[in-house]
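Novice: Coordinates in model-v5.tsv, TSV, C-alpha atoms and all ligand atoms, are listed below.
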chain	number	residue	atom	x	y	z
C	180	MET	CA	-15.20	-0.25	-18.34
C	181	ARG	CA	-17.83	0.42	-15.68
C	182	ALA	CA	-16.84	2.52	-12.66
C	183	LEU	CA	-18.38	4.49	-9.83
C	184	VAL	CA	-18.05	8.17	-10.61
C	185	ILE	CA	-18.51	11.09	-8.21
C	186	GLU	CA	-20.79	13.71	-9.73
C	187	GLU	CA	-20.77	17.27	-8.37
C	188	ALA	CA	-18.52	16.58	-5.38
C	189	GLY	CA	-19.89	18.69	-2.53
C	190	PRO	CA	-22.85	18.68	-0.11
C	191	GLU	CA	-25.10	17.32	-2.89
C	192	GLY	CA	-22.44	15.03	-4.40
C	193	ARG	CA	-23.55	11.62	-5.74
C	194	VAL	CA	-21.84	8.37	-6.73
C	195	VAL	CA	-23.24	6.92	-9.96
C	196	LEU	CA	-22.34	3.78	-11.89
C	197	ARG	CA	-21.18	4.70	-15.40
C	198	GLY	CA	-20.11	2.67	-18.44
C	199	GLY	CA	-17.57	3.66	-21.07
C	200	VAL	CA	-14.98	4.91	-18.56
C	201	GLN	CA	-11.37	4.86	-19.86
C	202	VAL	CA	-8.94	2.37	-18.30
C	203	ALA	CA	-5.55	3.93	-17.42
C	204	PRO	CA	-2.65	2.93	-19.70
C	205	LEU	CA	-0.05	0.41	-18.50
C	206	TYR	CA	3.46	1.65	-17.71
C	207	ARG	CA	6.75	-0.22	-17.10
C	208	ARG	CA	6.34	-2.80	-14.28
C	209	ALA	CA	2.61	-2.03	-13.93
C	210	VAL	CA	-0.20	-4.59	-14.07
C	211	ARG	CA	-3.85	-4.24	-15.01
C	212	VAL	CA	-6.11	-5.78	-12.38
C	213	GLN	CA	-9.65	-6.92	-13.04
C	214	VAL	CA	-11.30	-5.80	-9.82
C	215	VAL	CA	-13.84	-8.22	-8.35
C	216	ALA	CA	-14.55	-6.38	-5.08
C	217	ALA	CA	-13.58	-3.08	-3.47
C	218	GLY	CA	-13.89	-1.82	0.11
C	219	VAL	CA	-15.73	1.38	0.97
C	220	ASN	CA	-14.02	3.86	3.30
C	221	ARG	CA	-14.85	7.14	4.99
C	222	ALA	CA	-12.36	8.77	2.63
C	223	ASP	CA	-14.70	7.88	-0.29
C	224	VAL	CA	-17.63	9.46	1.53
C	225	LEU	CA	-15.59	12.59	2.30
C	226	GLN	CA	-14.44	12.75	-1.35
C	227	ARG	CA	-18.06	12.62	-2.53
C	228	ARG	CA	-18.81	15.53	-0.19
C	229	GLY	CA	-15.94	17.52	-1.70
C	230	LEU	CA	-13.92	17.40	1.54
C	231	TYR	CA	-11.11	15.05	0.52
C	232	PRO	CA	-10.01	15.48	-3.12
C	233	ALA	CA	-7.93	12.73	-4.71
C	234	PRO	CA	-4.16	13.34	-4.55
C	235	ALA	CA	-2.22	14.11	-7.74
C	236	GLY	CA	-1.86	11.05	-9.95
C	237	ALA	CA	-5.07	9.34	-8.74
C	238	PRO	CA	-8.26	9.44	-10.85
C	239	PRO	CA	-9.98	12.66	-9.68
C	240	ASP	CA	-13.56	11.34	-9.74
C	241	ILE	CA	-13.39	7.53	-9.30
C	242	PRO	CA	-13.37	6.69	-5.57
C	243	GLY	CA	-12.00	3.56	-3.91
C	244	LEU	CA	-8.84	3.00	-1.89
C	245	GLU	CA	-8.68	-0.81	-1.80
C	246	PHE	CA	-9.47	-3.75	-4.04
C	247	ALA	CA	-9.27	-7.49	-4.59
C	248	GLY	CA	-9.18	-9.12	-8.02
C	249	TRP	CA	-6.86	-10.86	-10.44
C	250	VAL	CA	-4.03	-9.77	-12.72
C	251	GLU	CA	-5.42	-9.48	-16.25
C	252	ALA	CA	-2.35	-8.03	-18.03
C	253	VAL	CA	1.30	-7.32	-17.16
C	254	ALA	CA	3.48	-4.60	-18.68
C	255	GLU	CA	7.07	-4.87	-19.84
C	256	GLY	CA	9.56	-5.32	-16.99
C	257	CYS	CA	7.24	-7.14	-14.57
C	258	ALA	CA	9.23	-9.69	-12.58
C	259	ARG	CA	6.90	-10.63	-9.72
C	260	ALA	CA	3.32	-10.54	-11.01
C	261	GLN	CA	1.81	-13.01	-13.47
C	262	VAL	CA	-1.46	-13.03	-15.37
C	263	GLY	CA	-4.05	-14.86	-13.27
C	264	ASP	CA	-2.56	-13.99	-9.84
C	265	ARG	CA	-5.19	-13.33	-7.14
C	266	VAL	CA	-4.17	-9.97	-5.68
C	267	MET	CA	-5.32	-7.24	-3.31
C	268	GLY	CA	-3.97	-3.80	-2.53
C	269	ILE	CA	-4.33	-0.14	-1.68
C	270	VAL	CA	-4.43	2.74	-4.17
C	271	PRO	CA	-4.86	6.51	-3.70
C	272	GLY	CA	-8.17	6.30	-5.63
C	273	GLY	CA	-9.88	4.54	-8.53
C	274	ALA	CA	-10.51	1.10	-6.95
C	275	GLN	CA	-14.29	1.22	-7.33
C	276	ALA	CA	-14.05	0.32	-11.01
C	277	GLU	CA	-13.84	-2.85	-13.13
C	278	PHE	CA	-10.12	-2.35	-13.87
C	279	LEU	CA	-7.22	-0.47	-12.32
C	280	VAL	CA	-3.52	-0.14	-13.09
C	281	ILE	CA	-0.95	-0.50	-10.30
C	282	HIS	CA	2.81	-1.10	-9.92
C	283	GLU	CA	3.53	-4.79	-9.32
C	284	ASP	CA	5.48	-4.01	-6.11
C	285	GLU	CA	2.25	-2.65	-4.55
C	286	LEU	CA	0.35	-5.95	-4.87
C	287	LEU	CA	-0.37	-8.29	-1.97
C	288	PRO	CA	-1.25	-11.98	-2.50
C	289	ILE	CA	-4.72	-13.21	-1.48
C	290	PRO	CA	-4.60	-16.32	0.74
C	291	SER	CA	-6.30	-19.20	-1.10
C	292	HIS	CA	-9.06	-19.70	1.52
C	293	LEU	CA	-10.34	-16.11	1.20
C	294	SER	CA	-12.94	-14.98	-1.35
C	295	PHE	CA	-12.35	-11.78	-3.31
C	296	GLU	CA	-15.01	-10.09	-1.18
C	297	GLU	CA	-13.30	-11.12	2.06
C	298	ALA	CA	-9.92	-10.03	0.68
C	299	ALA	CA	-11.28	-6.61	-0.32
C	300	ALA	CA	-12.06	-5.97	3.36
C	301	LEU	CA	-8.39	-6.30	4.32
C	302	PRO	CA	-5.82	-4.00	2.66
C	303	GLU	CA	-6.75	-0.51	3.92
C	304	ALA	CA	-7.66	-1.56	7.47
C	305	LEU	CA	-4.69	-3.90	7.81
C	306	ALA	CA	-2.10	-1.54	6.31
C	307	THR	CA	-3.36	1.41	8.37
C	308	ALA	CA	-3.47	-0.50	11.65
C	309	PHE	CA	-0.12	-2.26	11.05
C	310	ASP	CA	1.60	0.99	10.12
C	311	ALA	CA	0.23	2.78	13.20
C	312	LEU	CA	0.78	0.07	15.81
C	313	ASP	CA	3.98	-1.53	14.57
C	314	LEU	CA	5.92	0.96	12.44
C	315	GLN	CA	4.84	4.23	14.10
C	316	ALA	CA	4.12	3.32	17.74
C	317	GLY	CA	6.40	0.26	18.01
C	318	LEU	CA	3.84	-1.63	20.14
C	319	ARG	CA	5.52	-4.46	22.06
C	320	ALA	CA	4.43	-7.60	23.92
C	321	GLY	CA	3.21	-6.82	27.42
C	322	GLU	CA	2.19	-3.25	26.54
C	323	SER	CA	-1.38	-1.98	26.42
C	324	VAL	CA	-3.28	-0.16	23.67
C	325	LEU	CA	-6.49	1.87	23.66
C	326	VAL	CA	-8.30	1.47	20.32
C	327	THR	CA	-10.92	4.17	19.77
C	328	ALA	CA	-13.95	3.24	17.60
C	329	ALA	CA	-13.05	-0.38	18.30
C	330	GLY	CA	-15.78	-1.69	15.95
C	331	SER	CA	-14.56	0.30	12.95
C	332	GLY	CA	-12.82	-1.41	10.04
C	333	VAL	CA	-9.39	-0.20	11.12
C	334	GLY	CA	-10.28	-0.71	14.80
C	335	VAL	CA	-11.07	-4.42	14.40
C	336	ALA	CA	-7.85	-4.97	12.41
C	337	ALA	CA	-5.92	-3.13	15.13
C	338	LEU	CA	-7.42	-5.27	17.92
C	339	GLN	CA	-6.32	-8.44	16.12
C	340	LEU	CA	-2.80	-7.12	15.40
C	341	ALA	CA	-2.40	-5.93	18.99
C	342	ARG	CA	-3.34	-9.37	20.36
C	343	LEU	CA	-0.92	-11.00	17.90
C	344	ALA	CA	1.79	-8.70	19.24
C	345	GLY	CA	0.97	-9.85	22.78
C	346	ALA	CA	-0.47	-6.51	23.90
C	347	GLN	CA	-3.45	-5.88	26.21
C	348	THR	CA	-6.42	-4.34	24.36
C	349	ILE	CA	-8.82	-1.70	25.66
C	350	GLY	CA	-11.42	-0.40	23.19
C	351	THR	CA	-14.10	2.26	23.10
C	352	SER	CA	-17.30	2.59	21.08
C	353	ARG	CA	-20.48	4.63	21.36
C	354	THR	CA	-22.40	1.42	20.51
C	355	LEU	CA	-22.66	-1.34	23.13
C	356	ASP	CA	-23.42	-4.01	20.55
C	357	LYS	CA	-20.12	-3.29	18.76
C	358	LEU	CA	-18.21	-3.63	22.04
C	359	GLU	CA	-19.85	-7.03	22.63
C	360	ARG	CA	-19.01	-8.24	19.13
C	361	ALA	CA	-15.43	-6.96	19.34
C	362	GLN	CA	-15.01	-8.78	22.65
C	363	ALA	CA	-16.66	-11.99	21.44
C	364	GLY	CA	-14.61	-12.52	18.29
C	365	TRP	CA	-12.03	-9.91	17.51
C	366	GLY	CA	-9.56	-9.60	20.38
C	367	LEU	CA	-11.02	-6.85	22.55
C	368	GLN	CA	-10.27	-7.60	26.20
C	369	HIS	CA	-11.61	-4.50	27.98
C	370	PRO	CA	-14.64	-2.78	26.40
C	371	LEU	CA	-15.43	0.79	27.47
C	372	ARG	CA	-18.27	3.07	26.43
C	373	ALA	CA	-16.87	6.01	24.42
C	374	PRO	CA	-17.33	9.31	26.27
C	375	ASN	CA	-19.11	12.35	24.94
C	376	PRO	CA	-16.13	14.71	24.61
C	377	ASN	CA	-18.32	17.67	25.60
C	378	THR	CA	-19.10	16.10	28.98
C	379	PRO	CA	-16.15	16.53	31.40
C	380	GLU	CA	-17.52	13.87	33.81
C	381	GLU	CA	-17.51	11.28	31.00
C	382	LEU	CA	-13.93	12.18	30.05
C	383	GLU	CA	-12.83	11.89	33.69
C	384	ALA	CA	-14.63	8.53	33.95
C	385	LEU	CA	-12.79	7.21	30.87
C	386	ILE	CA	-9.41	8.28	32.31
C	387	ALA	CA	-10.26	6.64	35.66
C	388	GLN	CA	-11.36	3.39	33.94
C	389	VAL	CA	-8.18	3.20	31.87
C	390	MET	CA	-6.04	3.88	34.96
C	391	ALA	CA	-7.87	1.14	36.87
C	392	LEU	CA	-7.29	-1.35	34.04
C	393	THR	CA	-3.57	-0.52	33.84
C	394	GLU	CA	-2.77	-0.49	37.58
C	395	GLY	CA	-2.52	3.30	37.57
C	396	ARG	CA	0.13	3.55	34.82
C	397	GLY	CA	-2.05	4.46	31.83
C	398	VAL	CA	-1.93	2.88	28.36
C	399	ASP	CA	1.22	2.66	26.29
C	400	VAL	CA	-0.43	3.44	22.96
C	401	VAL	CA	-3.62	5.22	21.89
C	402	LEU	CA	-4.89	4.51	18.38
C	403	ASP	CA	-6.85	7.68	17.88
C	404	PHE	CA	-9.59	8.15	15.28
C	405	MET	CA	-11.16	11.00	17.27
C	406	GLY	CA	-8.63	13.85	17.21
C	407	GLY	CA	-9.26	17.32	18.63
C	408	ARG	CA	-11.82	17.13	21.37
C	409	MET	CA	-10.28	13.96	22.84
C	410	LEU	CA	-6.68	15.21	22.75
C	411	ASP	CA	-6.43	16.34	26.37
C	412	ALA	CA	-8.01	13.16	27.78
C	413	HIS	CA	-5.88	10.93	25.54
C	414	THR	CA	-2.62	12.52	26.72
C	415	ARG	CA	-3.76	12.26	30.33
C	416	LEU	CA	-4.56	8.54	30.08
C	417	LEU	CA	-1.23	7.65	28.44
C	418	ALA	CA	1.52	5.98	30.50
C	419	PRO	CA	5.03	7.44	30.81
C	420	GLY	CA	6.71	6.93	27.42
C	421	GLY	CA	3.26	6.59	25.80
C	422	ARG	CA	2.54	7.10	22.10
C	423	LEU	CA	-0.56	8.69	20.56
C	424	VAL	CA	-1.11	7.91	16.87
C	425	THR	CA	-3.75	10.13	15.25
C	426	LEU	CA	-5.39	8.51	12.23
C	427	GLY	CA	-8.81	10.14	12.12
C	428	LEU	CA	-10.51	13.39	13.09
C	429	LEU	CA	-14.04	12.22	13.90
C	430	GLN	CA	-14.10	14.68	16.83
C	431	GLY	CA	-12.38	17.55	15.07
C	432	ALA	CA	-8.95	18.70	13.94
C	433	ARG	CA	-8.29	21.14	16.77
C	434	GLY	CA	-7.96	20.48	20.47
C	435	GLN	CA	-6.30	21.61	23.67
C	436	LEU	CA	-3.15	20.09	25.00
C	437	ASP	CA	-1.32	20.50	28.30
C	438	LEU	CA	2.30	20.38	27.19
C	439	SER	CA	3.48	19.87	30.77
C	440	VAL	CA	1.82	16.42	30.57
C	441	VAL	CA	3.65	15.70	27.30
C	442	MET	CA	6.95	16.72	28.90
C	443	ALA	CA	6.47	15.03	32.26
C	444	LYS	CA	5.46	11.70	30.69
C	445	ARG	CA	7.86	11.95	27.71
C	446	LEU	CA	4.95	11.35	25.32
C	447	ARG	CA	5.22	11.03	21.57
C	448	LEU	CA	2.37	12.42	19.46
C	449	MET	CA	2.20	11.14	15.88
C	450	GLY	CA	-0.12	11.23	12.90
C	451	SER	CA	-0.39	9.36	9.64
C	452	THR	CA	-2.32	9.02	6.40
C	453	LEU	CA	-1.77	6.30	3.82
C	454	ARG	CA	-3.45	7.85	0.83
C	455	SER	CA	-0.98	10.60	-0.01
C	456	ARG	CA	2.19	8.53	0.40
C	457	PRO	CA	4.50	8.35	-2.60
C	458	HIS	CA	5.15	5.00	-4.31
C	459	ALA	CA	8.48	4.33	-2.54
C	460	GLU	CA	7.00	4.82	0.96
C	461	ARG	CA	3.94	2.76	0.08
C	462	VAL	CA	6.21	-0.09	-1.07
C	463	ARG	CA	8.27	0.13	2.15
C	464	LEU	CA	5.10	-0.22	4.23
C	465	LEU	CA	3.78	-3.12	2.12
C	466	ASP	CA	7.14	-4.93	2.31
C	467	ALA	CA	7.04	-4.67	6.12
C	468	LEU	CA	3.42	-5.85	6.16
C	469	ARG	CA	4.31	-8.87	3.99
C	470	ALA	CA	7.30	-9.72	6.18
C	471	ARG	CA	5.72	-9.24	9.60
C	472	ALA	CA	1.94	-9.66	9.47
C	473	LEU	CA	0.61	-11.47	6.38
C	474	TYR	CA	1.64	-14.88	7.76
C	475	ALA	CA	-1.18	-14.47	10.28
C	476	LEU	CA	-3.80	-14.59	7.51
C	477	ARG	CA	-2.93	-18.27	6.97
C	478	ARG	CA	-5.07	-20.93	8.62
C	479	GLN	CA	-3.34	-23.43	10.87
C	480	GLY	CA	-4.97	-26.79	10.08
C	481	HIS	CA	-8.68	-26.45	10.82
C	482	GLN	CA	-8.14	-23.50	13.17
C	483	PRO	CA	-9.25	-20.08	11.94
C	484	ALA	CA	-6.39	-17.76	10.93
C	485	PRO	CA	-5.21	-15.42	13.74
C	486	LEU	CA	-5.92	-12.48	11.44
C	487	ARG	CA	-9.27	-12.41	9.63
C	488	PRO	CA	-11.22	-9.97	7.50
C	489	CYS	CA	-14.26	-8.58	9.31
C	490	LEU	CA	-17.04	-8.17	6.75
C	491	ASP	CA	-20.20	-6.35	7.76
C	492	GLN	CA	-21.90	-6.51	4.35
C	493	VAL	CA	-21.24	-7.14	0.66
C	494	LEU	CA	-23.33	-5.06	-1.72
C	495	PRO	CA	-23.47	-4.96	-5.53
C	496	PHE	CA	-21.92	-1.90	-7.19
C	497	ASP	CA	-25.48	-0.89	-8.17
C	498	ASP	CA	-26.14	-0.28	-4.46
C	499	ALA	CA	-23.10	1.95	-3.88
C	500	ALA	CA	-25.26	4.84	-2.67
C	501	ALA	CA	-26.66	2.62	0.10
C	502	ALA	CA	-23.15	1.53	1.09
C	503	TYR	CA	-21.99	5.14	1.29
C	504	ALA	CA	-25.04	6.05	3.41
C	505	ARG	CA	-24.27	3.25	5.88
C	506	ILE	CA	-20.68	4.45	6.34
C	507	GLU	CA	-22.00	7.96	6.93
C	508	GLN	CA	-24.50	6.70	9.52
C	509	GLY	CA	-21.64	4.95	11.36
C	510	ASP	CA	-23.62	1.76	12.04
C	511	THR	CA	-21.22	-0.74	10.41
C	512	PHE	CA	-19.11	-3.26	12.32
C	513	GLY	CA	-15.94	-3.99	10.36
C	514	LYS	CA	-15.99	-3.40	6.62
C	515	LEU	CA	-18.44	-2.75	3.81
C	516	VAL	CA	-17.48	-4.15	0.41
C	517	LEU	CA	-18.85	-3.57	-3.09
C	518	SER	CA	-18.69	-6.54	-5.47
C	519	TRP	CA	-19.14	-6.83	-9.24
C	520	GLY	CA	-20.28	-10.40	-8.63
C	521	ALA	CA	-22.92	-9.68	-5.96
C	522	GLY	CA	-26.53	-8.97	-6.70
I	1	LIG	N1	-4.94	7.88	8.46
I	1	LIG	C1	-5.21	6.89	7.62
I	1	LIG	O1	-4.39	6.49	6.80
I	1	LIG	C2	-6.57	6.25	7.68
I	1	LIG	C3	-6.86	5.12	6.91
I	1	LIG	C4	-8.13	4.55	7.05
I	1	LIG	C5	-9.06	5.12	7.90
I	1	LIG	N2	-8.74	6.25	8.59
I	1	LIG	C6	-9.67	6.88	9.51
I	1	LIG	O2	-9.80	5.99	10.59
I	1	LIG	C7	-11.14	6.07	11.13
I	1	LIG	C8	-11.74	4.69	11.09
I	1	LIG	O3	-11.86	4.31	9.71
I	1	LIG	P1	-12.78	3.08	9.32
I	1	LIG	O4	-12.85	3.01	7.85
I	1	LIG	O5	-12.31	1.91	10.06
I	1	LIG	O6	-14.15	3.63	9.91
I	1	LIG	P2	-15.60	2.95	9.96
I	1	LIG	O7	-15.49	1.48	9.79
I	1	LIG	O8	-16.46	3.73	9.06
I	1	LIG	O9	-16.00	3.21	11.49
I	1	LIG	C9	-15.96	4.46	12.08
I	1	LIG	C10	-16.70	4.37	13.41
I	1	LIG	O10	-16.39	5.52	14.18
I	1	LIG	C11	-17.50	5.83	15.03
I	1	LIG	N3	-17.87	7.23	14.79
I	1	LIG	C12	-18.40	7.77	13.68
I	1	LIG	N4	-18.56	9.08	13.82
I	1	LIG	C13	-18.13	9.37	15.07
I	1	LIG	C14	-18.04	10.58	15.81
I	1	LIG	N5	-18.43	11.75	15.32
I	1	LIG	N6	-17.54	10.52	17.07
I	1	LIG	C15	-17.13	9.35	17.60
I	1	LIG	N7	-17.19	8.17	16.93
I	1	LIG	C16	-17.67	8.20	15.68
I	1	LIG	C17	-18.64	4.88	14.65
I	1	LIG	O11	-18.62	3.78	15.57
I	1	LIG	P3	-19.32	3.82	17.03
I	1	LIG	O12	-20.57	3.01	16.90
I	1	LIG	O13	-18.31	3.17	17.89
I	1	LIG	O14	-19.57	5.21	17.40
I	1	LIG	C18	-18.22	4.39	13.28
I	1	LIG	O15	-18.72	3.13	12.96
I	1	LIG	C19	-11.88	7.08	10.26
I	1	LIG	O16	-11.81	8.33	10.90
I	1	LIG	C20	-11.07	7.10	8.97
I	1	LIG	O17	-11.21	8.31	8.29
I	1	LIG	C21	-7.51	6.81	8.51
What does the file become when written as structure tokens?
Ligand SMILES: NC(=O)c1ccc[n+]([C@@H]2O[C@H](COP(=O)([O-])OP(=O)(O)OC[C@H]3O[C@@H](n4cnc5c(N)ncnc54)[C@H](OP(=O)(O)O)[C@@H]3O)[C@@H](O)[C@H]2O)c1
Specialist:
Amino acid sequence: MRALVIEEAGPEGRVVLRGGVQVAPLYRRAVRVQVVAAGVNRADVLQRRGLYPAPAGAPPDIPGLEFAGWVEAVAEGCARAQVGDRVMGIVPGGAQAEFLVIHEDELLPIPSHLSFEEAAALPEALATAFDALDLQAGLRAGESVLVTAAGSGVGVAALQLARLAGAQTIGTSRTLDKLERAQAGWGLQHPLRAPNPNTPEELEALIAQVMALTEGRGVDVVLDFMGGRMLDAHTRLLAPGGRLVTLGLLQGARGQLDLSVVMAKRLRLMGSTLRSRPHAERVRLLDALRARALYALRRQGHQPAPLRPCLDQVLPFDDAAAAYARIEQGDTFGKLVLSWGAG
């Protein structure tokens, strides 16, 4: 098969399209999926740079954490999946290839109105945002959430899920255009310019803006892609009983924290990654996602579905290097997808 392969992972690492790559063997209750489209994530870019090696069991040099395609073969013992099913899903690596092998319990169905390219923009962002907001933070109707990098792939999914849950949404971005787009079509109610974490006045201004929007209480949940240098401000702008879910470290892994704030406000600080989760935990998350969120991907009559994929661009696999460069530049709104059919 053809696949993207990372050559010389490190500062000079490259992704190249190669033919003649071995397809993994089937195992009991596994299916072979013919991939039509695959999302590109920051994890792929970090893996190419040698900063985020694939976990044990995943192909070490084929990137790709999410895919959409159809079931091409089923192994002995399969009870749910059938040849020809349109499916999407998350994997710990290896999705940016023509075929992949995955346990049938890890497949999600693609709603009939979505193309494979649209579907490939969903699994990673949706599963990450759902896990963080619903399963980790327990976001409830009437609460408020601050979504950092609100125009990111996960950020846009989180805004939609938060509105579905009946929560108030505040979002930050360094890019005004992304705030406008998020507000116009993706559920952002209160756009705020992201502060420079090295400028104390900007951090104080963010805290004051969030307090003003929440009648002085602070937000109930922060969905944090920034990490270290925003830690102090994020704990200060949380409400009593607030939850901080760290999903990304765009502003570093280390920060300062005033534990008296954590104690006084009874805060809960959490973190999560999807990629390294074992099969059983992955299945638990996907079962919850199927039961509680996938209904929202369905259209109601001629109305758009409450939950939609947000596609910035579809590129052919030949242009993978350009897709990776765009993720690194940070100028995308929503998701970038590679397609075997595009070109
Ligand atoms: N824990 C998990 O399981 C998990 C899963 C998926 C993703 N993630 C993480 O979640 C974050 C969002 O992922 P994504 O795929 O949705 O990202 P994305 O679509 O690539 O968007 C990331 C956005 O963050 C902003 N940004 C980039 N560098 C920044 C910096 N140094 N400081 C502040 N803002 C910066 C940029 O938007 P602006 O224009 O607004 O600056 C950029 O577009 C990433 O950190 C990713 O690694 C975690």
Novice: Let me make sure I understand: among C:Leu340, C:Ala472, C:Leu287, C:Val333, which one has the smallest atom-to-atom distance to Val250 (chain C) if we use all atoms listed in the file?
Specialist: C:Leu287
Novice: Looking at C:Lys444, C:Lys357, C:Arg471, C:Arg408, which one is nearest to ligand LIG 1 (chain I), with distances taken over all atoms listed in the file?
Specialist: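 The closest residue to ligand LIG 1 (chain I) is C:Lys357.
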Novice: Enumerate residues in contact with ligand LIG 1 (chain I): an atom-to-atom distance of at most 8 Å, counting all atoms listed in the file. Format the result as a PDB file with C-alpha atoms, in the frame of the given file.
Specialist:
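The file below, part36.pdb, is the result:
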ATOM      1  CA  VAL C 219     -15.730   1.380   0.970  1.00  0.00           C
ATOM      2  CA  ASN C 220     -14.020   3.860   3.300  1.00  0.00           C
ATOM      3  CA  ARG C 221     -14.850   7.140   4.990  1.00  0.00           C
ATOM      4  CA  ALA C 222     -12.360   8.770   2.630  1.00  0.00           C
ATOM      5  CA  GLU C 303      -6.750  -0.510   3.920  1.00  0.00           C
ATOM      6  CA  ALA C 304      -7.660  -1.560   7.470  1.00  0.00           C
ATOM      7  CA  THR C 307      -3.360   1.410   8.370  1.00  0.00           C
ATOM      8  CA  THR C 327     -10.920   4.170  19.770  1.00  0.00           C
ATOM      9  CA  ALA C 328     -13.950   3.240  17.600  1.00  0.00           C
ATOM     10  CA  ALA C 329     -13.050  -0.380  18.300  1.00  0.00           C
ATOM     11  CA  GLY C 330     -15.780  -1.690  15.950  1.00  0.00           C
ATOM     12  CA  SER C 331     -14.560   0.300  12.950  1.00  0.00           C
ATOM     13  CA  GLY C 332     -12.820  -1.410  10.040  1.00  0.00           C
ATOM     14  CA  VAL C 333      -9.390  -0.200  11.120  1.00  0.00           C
ATOM     15  CA  GLY C 334     -10.280  -0.710  14.800  1.00  0.00           C
ATOM     16  CA  VAL C 335     -11.070  -4.420  14.400  1.00  0.00           C
ATOM     17  CA  THR C 351     -14.100   2.260  23.100  1.00  0.00           C
ATOM     18  CA  SER C 352     -17.300   2.590  21.080  1.00  0.00           C
ATOM     19  CA  ARG C 353     -20.480   4.630  21.360  1.00  0.00           C
ATOM     20  CA  THR C 354     -22.400   1.420  20.510  1.00  0.00           C
ATOM     21  CA  LEU C 355     -22.660  -1.340  23.130  1.00  0.00           C
ATOM     22  CA  LYS C 357     -20.120  -3.290  18.760  1.00  0.00           C
ATOM     23  CA  LEU C 358     -18.210  -3.630  22.040  1.00  0.00           C
ATOM     24  CA  ALA C 373     -16.870   6.010  24.420  1.00  0.00           C
ATOM     25  CA  PHE C 404      -9.590   8.150  15.280  1.00  0.00           C
ATOM     26  CA  MET C 405     -11.160  11.000  17.270  1.00  0.00           C
ATOM     27  CA  THR C 425      -3.750  10.130  15.250  1.00  0.00           C
ATOM     28  CA  LEU C 426      -5.390   8.510  12.230  1.00  0.00           C
ATOM     29  CA  GLY C 427      -8.810  10.140  12.120  1.00  0.00           C
ATOM     30  CA  LEU C 428     -10.510  13.390  13.090  1.00  0.00           C
ATOM     31  CA  LEU C 429     -14.040  12.220  13.900  1.00  0.00           C
ATOM     32  CA  GLN C 430     -14.100  14.680  16.830  1.00  0.00           C
ATOM     33  CA  GLY C 450      -0.120  11.230  12.900  1.00  0.00           C
ATOM     34  CA  SER C 451      -0.390   9.360   9.640  1.00  0.00           C
ATOM     35  CA  THR C 452      -2.320   9.020   6.400  1.00  0.00           C
ATOM     36  CA  LEU C 453      -1.770   6.300   3.820  1.00  0.00           C
ATOM     37  CA  ARG C 454      -3.450   7.850   0.830  1.00  0.00           C
ATOM     38  CA  ILE C 506     -20.680   4.450   6.340  1.00  0.00           C
ATOM     39  CA  GLU C 507     -22.000   7.960   6.930  1.00  0.00           C
ATOM     40  CA  GLN C 508     -24.500   6.700   9.520  1.00  0.00           C
ATOM     41  CA  GLY C 509     -21.640   4.950  11.360  1.00  0.00           C
ATOM     42  CA  ASP C 510     -23.620   1.760  12.040  1.00  0.00           C
ATOM     43  CA  THR C 511     -21.220  -0.740  10.410  1.00  0.00           C
ATOM     44  CA  PHE C 512     -19.110  -3.260  12.320  1.00  0.00           C
ATOM     45  CA  GLY C 513     -15.940  -3.990  10.360  1.00  0.00           C
ATOM     46  CA  LYS C 514     -15.990  -3.400   6.620  1.00  0.00           C
ATOM     47  CA  LEU C 515     -18.440  -2.750   3.810  1.00  0.00           C
TER      48      LEU C 515
END
Novice: Measuring between all atoms listed in the file, which one of C:Pro376, C:Gly480, C:Pro288, C:Gly189 shows the shortest distance to Gly407 (chain C)?
Specialist: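 Nearest candidate to Gly407 (chain C) out of C:Pro376, C:Gly480, C:Pro288, C:Gly189: C:Pro376.
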Novice: Using only C-alpha atoms, which of the listed residues (C:Val195, C:Leu293, C:Ala209, C:Leu486) sits closest to Ala341 (chain C)?
Specialist: C:Leu486
Novice: Tell me which protein, DNA and RNA residues are within 10 Å of region 491-498 of chain C, counting only C-alpha atoms, leaving out same-chain ones fewer than 5 positions away, and put them as a list in words.
Specialist: Arg181, Ala182, Leu183, Val194, Val195, Leu196, Ala216, Ala217, Gly218, Gln275, Ala276, Glu296, Glu297, Ala300, Gly332, Tyr503, Asp510, Thr511, Phe512, Gly513, Lys514, Leu515, Val516, Leu517, Ser518, Trp519, Gly520, Ala521 and Gly522 of chain C
Novice: Determine, for each residue of region 278-315 of chain C having at least one atom at most 12 Å from an atom of region 236-240 of chain C, the closest pair of atoms and their separation in Å to one decimal, counting all atoms listed in the file; order by chain and ascending number, as JSON lines.
Specialist:
{"residue": "C:Leu279", "atom": "CA", "partner": "C:Pro238", "partner_atom": "CA", "distance": 10.1}
{"residue": "C:Val280", "atom": "CA", "partner": "C:Ala237", "partner_atom": "CA", "distance": 10.5}
{"residue": "C:Ile281", "atom": "CA", "partner": "C:Ala237", "partner_atom": "CA", "distance": 10.8}
Novice: Please produce a file of those selected residues containing C-alpha atoms, as a tab-separated table (two decimals), in the frame of the given file.
Specialist:
chain	number	residue	atom	x	y	z
C	279	LEU	CA	-7.22	-0.47	-12.32
C	280	VAL	CA	-3.52	-0.14	-13.09
C	281	ILE	CA	-0.95	-0.50	-10.30
Novice: In Å, rounded to a single decimal, give me how far CA of Gly248 (chain C) is from CA of Ala336 (chain C).
Specialist: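 Computing it gives 20.9 Å between the two atoms.
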Novice: Find, counting only C-alpha atoms, the residue in C:Leu301, C:Gly229, C:Asp284, C:Gly273 that gets nearest to Ala247 (chain C).
Specialist: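 When distances to Ala247 (chain C) are compared using only C-alpha atoms, the smallest one comes from C:Leu301.
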